[in-house]
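Asks: Pasting in a structure now, in structure tokens, and then I'll have a few things to ask.
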Amino acid sequence: MNIKKFICNAKTLVFGRLTSVRSSGLRNSQRGSTPILRLPWRLVLAAFLVASSLWLPQTAGTTYGSSSDAWPDVPSNEAFVPNEVLVGLKPEVVQSLIQQGTFGAQSVVSAFGVLNEKYGVQQITPVFPQVDLTDPVALAHGLAGVFKLTVPEGTNIFAMISEYQSHPAVAYAEPNLIFHATNLPIPNDPEFNAQWGLHNTGQTGGTPDADIDAPEAWQITMGSPDTLIAVLDTGVNYNHPDLQGQVRTDIDKDFVNNDNDAMDDHGHGTFCAGIISAKTNNAAGIAGVCPNCKILPVKVLNSNGSGTSDNVARGIRYAADMQAKIISMSLGYKSSCGCSKTVAQAINYAFERGSLLIAASGNDEDKQRMSYPASSPRVMSVGATDHRDREAYFSNRSSQLDIYAPGVSVRSLDLQGYRTASGTSAATPHVAGAAGLLWTVYPALTNVQVWWLLRHSADDMPAQATSLETFATAELSEAQASNLRRRVFIPRVALSPVGVFVRTTVGRLNAHRAFTLSRRGEVYAPVDTCNSEPNCLGGCAAEVTLSGTANEHNDLRLLRDLADRVMASSEIGQEWIALYQRHRLESALILATDGELRAQTLAALGLWLPVFRALTYPDNNAAQQVVITQAHAEALEQVIAGLSARASDALRADLERVQQTLQIRRFVGQEAQSAWQALNASR
């Protein structure tokens, strides 16, 4: 339905009854009723349940939520709340209402009366109450226009979402997703009490110095009370002996029970807070990474360790409003299940307020995708390592993973006493604490500069000469990015005469080395639009090439399985993996800025994918029939030539070395498995 037709038909949609609602505390609220014949038609267009201006027909059982209402328990084993829908108005609709002075009216006729009555909407609550209607950041990201609709159990919310989504005043409608604390079962190891992640001497059988160099960093600073680190979690036990005096109990917030007491009733949040800022040099317990920093507890997960999109979003916004420099989130939605537009709006708001958002990559053993919000382009993502500097088996990753940190058998606080646990939940607060140390010494740094320093100062795994590369190439313009079939995330950094300075592999956090880098840069973090499933980012050549294709997800899975199952098991394969990782950003940028080469590469991949499938899944009957042809050889040579023509000297030299090793034409006519075996035997 177009807008003009909607206006013409609005009279037939509007119920001629008046509704009186309770104030939700939004600014500019007005009392009184609005007769239907005097209602401006532009207001009818925009009309939608705006909290204290959430325009419902008067039906039995309909109530209006406010900040004093307690939130119900969230099922711990569900993907979304079965009887709740989050709806966001278009920003221009909200702006129009504000300009008319009608936003926040307590009594308005509903243009959505038919839909509200059809689905039996029982309660409507603003996700972000008391939004400042003069705040351009909040308005730009639509915080004022997001609401939660509660309907009876058994309602088909997906049919409801479809109908509300089609309304011209609605930007989006989505389920209220359930986020979970990203912890693993606790090891039964009561004797373990060494914090190897801070200072590893091999005391747990691990590799010496496979740690974050905390004592070395403490020689520079142990943090400052002015550095506020928000922990969005199950709350924090601020009475724990190792946290007394470390927690801002004057501004803590509980969005689960809607009060100002974020006491932990689970233990997960206390565990994470202990890693960040447990008291140090007190002859008891453990040491925090940033012991002089302050913790802001924001409870968004319940006693089961689960919480909803709206609570997580409200928590992010609150932490930013309280001027938290760092927002640590050891939580996430399933890596295979996408993102939340409501949470994305809060992330954009907090990011533009200057907060550094850090989140756990997740524990799904997913080597293709990360959990959300770690997969957001405006969130620093953290994976987990063990005491030998190996990636934890459970740790999720994608090409966009920013950094690793200790996350296996980590010692920290329990609700009462201490415990050892594993998970990317444990890794994340290590990075949050290190960010606190860095910001204490350099308070003028921006969030993207702190992010850049932490990522680029990380130790390689295993330890070797750091993977910092320079290459000169064109930046990806907005016009070029818009030509891709899905949004692609490639870090943008300033060019200099010596080229671009970037880390090309993911490293493990080194809190001390972040102080010592002589060069500074910024991470390019585009707006989180949450615009595809399961995640909307690409940061390597394969992801750019396959962007928007019908089998994109399956093809990327095949390529990652090829690397993990086949390449990693041979010397040649390991060399090629290292080369690909070293040059993945440069090659992605070349392909993103050259549509002709990207199309040529896609055509070549179309030829080679059956070969890769035969190598990766050899038990498949079709694998024995895949033969390398002249067309395969020519397509590969053309792609290498195209990349070389635009490559840096380093990339061009490595491409030449690959070509010399491969000599693809000698394998024409051979079956895929035989060719791979012959190639490895030739070394």
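Chains: A, B, ... in order of the structure tokens. Residues: from 1 per chain. Ligands: from 1, in order shown.
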Among stretch 114-362 of chain A, which residues carry a DSSP assignment of strand (DSSP E), reported as a PyMOL selection string?
Replies: chain A and resi 123-126+146-150+170-181+228-233+253-254+294-299+306-308+326-329+331-332+356-360
Asks: What's around A:Ser303 at 8 Å? Count only C-alpha atoms, leave out sequence neighbours fewer than 5 positions away in its own chain, and write the answer as a list in words.
Replies: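 Result of the neighbour search: Thr234, Asp264, Asp265 and His266 of chain A.
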Asks: Would you mind reading off the distance between atom CA of A:Thr280 and atom CA of A:Thr440, one decimal, in Å?
Replies: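 Calculated distance between atom CA of A:Thr280 and atom CA of A:Thr440 is 17.1 Å.
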Asks: Atom CA of A:Val658 and atom CA of A:Val566 are how many Å apart?
Replies: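 Pair atom CA of A:Val658 / atom CA of A:Val566 returns 17.0 Å.
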Asks: Please identify all polymer residues within 6 Å of stretch 445-460 of chain A, counting only C-alpha atoms, omitting same-chain residues fewer than 3 positions from it, and present them as a PyMOL selection string.
Replies: chain A and resi 354+356+442+463+466+503+507-510+513-514+521-523
Asks: For A:Asn257, which residue among A:His240, A:His553, A:Arg666, A:Lys299 is the nearest when counting only C-alpha atoms?
Replies: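 Selected residue with least distance to A:Asn257: A:Lys299.
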Asks: Output as a tab-separated table one row per residue of stretch 229-337 of chain A within 12 Å of stretch 371-384 of chain A: the closest atom pair and its distance in Å to one decimal place, counting only C-alpha atoms, sorted by chain and residue number ascending.
Replies:
residue	atom	partner	partner_atom	distance
A:Ser309	CA	A:Pro373	CA	10.5
A:Val312	CA	A:Pro373	CA	10.0
A:Ala313	CA	A:Pro373	CA	10.5
A:Ile316	CA	A:Pro373	CA	11.1
A:Ile326	CA	A:Met380	CA	10.6
A:Ile327	CA	A:Val379	CA	9.5
A:Ser328	CA	A:Met380	CA	9.7
A:Met329	CA	A:Pro373	CA	8.4
A:Ser330	CA	A:Ala374	CA	9.4
A:Leu331	CA	A:Pro373	CA	8.1
A:Gly332	CA	A:Tyr372	CA	5.2
A:Tyr333	CA	A:Tyr372	CA	5.2
A:Lys334	CA	A:Ser371	CA	5.4
A:Ser335	CA	A:Ser371	CA	4.0
A:Ser336	CA	A:Ser371	CA	7.6
A:Cys337	CA	A:Ser371	CA	8.3
Asks: Please save C-alpha atoms of the selected residues as a compact mmCIF listing (two decimals), in the first residue's frame.
Replies:
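So out.txt came out as:
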# COMPACT_ATOMS: atom_id res chain seq x y z
CA SER A 309 16.88 -8.29 22.92
CA VAL A 312 20.25 -6.06 26.13
CA ALA A 313 19.50 -2.99 24.02
CA ILE A 316 23.75 -0.88 26.13
CA ILE A 326 34.01 0.27 27.78
CA ILE A 327 30.94 -1.99 27.52
CA SER A 328 31.86 -5.63 28.12
CA MET A 329 29.32 -8.20 26.90
CA SER A 330 30.03 -11.86 27.65
CA LEU A 331 26.75 -12.83 26.03
CA GLY A 332 25.42 -13.55 22.60
CA TYR A 333 22.74 -14.92 20.34
CA LYS A 334 23.38 -18.20 18.50
CA SER A 335 25.96 -17.83 15.76
CA SER A 336 23.66 -19.41 13.18
CA CYS A 337 20.65 -17.24 13.96
Asks: Here is a test: counting only C-alpha atoms, which residue of A:Ala360, A:Val81, A:Ile286, A:Leu86 is nearest to A:Val146?
Replies: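 Answer, going by the shortest atom-to-atom distance: A:Leu86.
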Asks: From the set A:Arg248, A:His141, A:Arg419, A:Lys90, which residue has the shortest atom-to-atom contact distance to A:Ala171, counting only C-alpha atoms?
Replies: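 Nearest to A:Ala171: A:Lys90.
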Asks: Do you have the atom CA of A:Asn363-atom CA of A:Ala435 distance handy?
Replies: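 If I compute the distance from atom CA of A:Asn363 to atom CA of A:Ala435, I get 22.8 Å.
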Asks: Near A:Val85, counting only C-alpha atoms, which residues have an atom at most 9 Å away, once you skip same-chain residues fewer than 2 positions from it, shown as a PyMOL selection string?
Replies: chain A and resi 81-83+87+147-151+157-158+160-161+173-176
Asks: Compare A:Asp561, A:Ala421, A:Ala599, A:Gly573 by their minimum atom-to-atom distance to A:Phe612, counting only C-alpha atoms, and give me the closest one.
Replies: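 Among A:Asp561, A:Ala421, A:Ala599, A:Gly573, it is A:Asp561 that comes nearest to A:Phe612.
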Asks: When DSSP is applied to the backbone of this structure, which of stretch 206-400 of chain A are assigned alpha helix (DSSP H)? Write them out as an MDAnalysis selection string.
Replies: chainID A and resid 214:218 268:277 309:321 341:352
Asks: Please produce a file of the residues just selected, as a compact mmCIF listing (two decimals), in the first residue's frame, where the atoms kept are N, CA, C and O atoms.
Replies:
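So the final result, stored in selection26.txt, reads:
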# COMPACT_ATOMS: atom_id res chain seq x y z
N ALA A 214 50.17 -9.04 31.96
CA ALA A 214 49.56 -8.09 32.90
C ALA A 214 50.58 -7.44 33.84
O ALA A 214 50.55 -6.22 34.02
N PRO A 215 51.48 -8.20 34.48
CA PRO A 215 52.44 -7.55 35.38
C PRO A 215 53.29 -6.49 34.68
O PRO A 215 53.59 -5.44 35.26
N GLU A 216 53.65 -6.74 33.42
CA GLU A 216 54.41 -5.75 32.66
C GLU A 216 53.57 -4.48 32.43
O GLU A 216 54.08 -3.36 32.53
N ALA A 217 52.27 -4.68 32.13
CA ALA A 217 51.38 -3.53 31.93
C ALA A 217 51.20 -2.76 33.23
O ALA A 217 51.11 -1.53 33.23
N TRP A 218 51.14 -3.47 34.36
CA TRP A 218 50.95 -2.81 35.65
C TRP A 218 52.13 -1.93 36.03
O TRP A 218 52.00 -1.06 36.89
N HIS A 268 27.56 -15.53 36.75
CA HIS A 268 28.31 -15.28 35.53
C HIS A 268 28.86 -13.85 35.49
O HIS A 268 30.03 -13.62 35.15
N GLY A 269 28.03 -12.87 35.84
CA GLY A 269 28.48 -11.49 35.82
C GLY A 269 29.57 -11.20 36.83
O GLY A 269 30.50 -10.43 36.56
N THR A 270 29.46 -11.81 38.01
CA THR A 270 30.49 -11.64 39.04
C THR A 270 31.82 -12.23 38.57
O THR A 270 32.88 -11.66 38.81
N PHE A 271 31.75 -13.38 37.91
CA PHE A 271 32.96 -14.01 37.36
C PHE A 271 33.66 -13.07 36.38
O PHE A 271 34.88 -12.86 36.44
N CYS A 272 32.88 -12.47 35.47
CA CYS A 272 33.46 -11.57 34.47
C CYS A 272 34.00 -10.29 35.11
O CYS A 272 35.07 -9.81 34.74
N ALA A 273 33.26 -9.74 36.07
CA ALA A 273 33.70 -8.52 36.74
C ALA A 273 35.00 -8.75 37.49
O ALA A 273 35.87 -7.86 37.55
N GLY A 274 35.17 -9.95 38.06
CA GLY A 274 36.40 -10.27 38.78
C GLY A 274 37.61 -10.25 37.88
O GLY A 274 38.69 -9.78 38.27
N ILE A 275 37.47 -10.76 36.66
CA ILE A 275 38.59 -10.75 35.71
C ILE A 275 38.99 -9.32 35.39
O ILE A 275 40.17 -8.99 35.28
N ILE A 276 38.00 -8.44 35.27
CA ILE A 276 38.28 -7.05 34.91
C ILE A 276 38.93 -6.29 36.05
O ILE A 276 39.98 -5.64 35.88
N SER A 277 38.33 -6.38 37.26
CA SER A 277 38.72 -5.40 38.28
C SER A 277 38.72 -5.94 39.70
O SER A 277 38.44 -5.19 40.64
N SER A 309 16.32 -9.37 23.73
CA SER A 309 16.88 -8.29 22.92
C SER A 309 16.62 -6.92 23.53
O SER A 309 17.51 -6.06 23.57
N ASP A 310 15.38 -6.72 23.98
CA ASP A 310 15.05 -5.38 24.49
C ASP A 310 15.84 -5.06 25.74
O ASP A 310 16.30 -3.93 25.93
N ASN A 311 16.06 -6.04 26.61
CA ASN A 311 16.85 -5.77 27.81
C ASN A 311 18.30 -5.51 27.47
O ASN A 311 18.94 -4.62 28.05
N VAL A 312 18.86 -6.29 26.54
CA VAL A 312 20.25 -6.06 26.13
C VAL A 312 20.38 -4.67 25.51
O VAL A 312 21.33 -3.93 25.81
N ALA A 313 19.45 -4.31 24.67
CA ALA A 313 19.50 -2.99 24.02
C ALA A 313 19.39 -1.87 25.04
O ALA A 313 20.13 -0.87 24.98
N ARG A 314 18.49 -2.02 26.00
CA ARG A 314 18.33 -0.99 27.03
C ARG A 314 19.59 -0.88 27.87
O ARG A 314 20.01 0.21 28.26
N GLY A 315 20.21 -2.02 28.14
CA GLY A 315 21.43 -2.02 28.93
C GLY A 315 22.57 -1.31 28.22
O GLY A 315 23.35 -0.57 28.84
N ILE A 316 22.69 -1.54 26.91
CA ILE A 316 23.75 -0.88 26.13
C ILE A 316 23.54 0.63 26.15
O ILE A 316 24.48 1.41 26.39
N ARG A 317 22.32 1.04 25.91
CA ARG A 317 22.04 2.48 25.91
C ARG A 317 22.32 3.09 27.28
O ARG A 317 22.93 4.17 27.40
N TYR A 318 21.92 2.40 28.35
CA TYR A 318 22.12 2.93 29.70
C TYR A 318 23.61 3.08 30.00
O TYR A 318 24.05 4.10 30.55
N ALA A 319 24.38 2.08 29.66
CA ALA A 319 25.82 2.13 29.92
C ALA A 319 26.46 3.31 29.21
O ALA A 319 27.32 4.01 29.77
N ALA A 320 26.05 3.55 27.98
CA ALA A 320 26.59 4.70 27.24
C ALA A 320 26.17 6.01 27.88
O ALA A 320 26.99 6.94 27.99
N ASP A 321 24.93 6.09 28.32
CA ASP A 321 24.45 7.32 28.96
C ASP A 321 25.17 7.58 30.28
O ASP A 321 25.31 8.73 30.70
N LYS A 341 17.81 -6.07 15.13
CA LYS A 341 17.82 -4.67 14.73
C LYS A 341 17.69 -3.75 15.95
O LYS A 341 18.25 -2.65 15.97
N THR A 342 16.94 -4.20 16.94
CA THR A 342 16.78 -3.39 18.16
C THR A 342 18.11 -3.23 18.87
O THR A 342 18.49 -2.12 19.28
N VAL A 343 18.85 -4.32 19.02
CA VAL A 343 20.16 -4.25 19.65
C VAL A 343 21.12 -3.45 18.77
O VAL A 343 21.95 -2.67 19.28
N ALA A 344 21.01 -3.60 17.45
CA ALA A 344 21.88 -2.85 16.54
C ALA A 344 21.71 -1.35 16.72
O ALA A 344 22.70 -0.59 16.68
N GLN A 345 20.48 -0.90 16.92
CA GLN A 345 20.25 0.53 17.13
C GLN A 345 20.95 1.01 18.40
O GLN A 345 21.55 2.10 18.42
N ALA A 346 20.89 0.21 19.46
CA ALA A 346 21.56 0.58 20.71
C ALA A 346 23.08 0.57 20.54
O ALA A 346 23.78 1.44 21.08
N ILE A 347 23.59 -0.41 19.79
CA ILE A 347 25.03 -0.46 19.53
C ILE A 347 25.49 0.79 18.80
O ILE A 347 26.51 1.41 19.16
N ASN A 348 24.77 1.19 17.75
CA ASN A 348 25.13 2.40 17.01
C ASN A 348 25.12 3.62 17.92
O ASN A 348 26.00 4.48 17.84
N TYR A 349 24.12 3.70 18.78
CA TYR A 349 24.01 4.83 19.71
C TYR A 349 25.22 4.87 20.64
O TYR A 349 25.87 5.92 20.79
N ALA A 350 25.55 3.75 21.27
CA ALA A 350 26.65 3.71 22.22
C ALA A 350 27.99 3.98 21.53
O ALA A 350 28.85 4.69 22.06
N PHE A 351 28.15 3.40 20.35
CA PHE A 351 29.39 3.60 19.60
C PHE A 351 29.60 5.07 19.28
O PHE A 351 30.71 5.60 19.44
N GLU A 352 28.55 5.75 18.85
CA GLU A 352 28.69 7.15 18.50
C GLU A 352 28.76 8.05 19.73
O GLU A 352 29.14 9.22 19.62
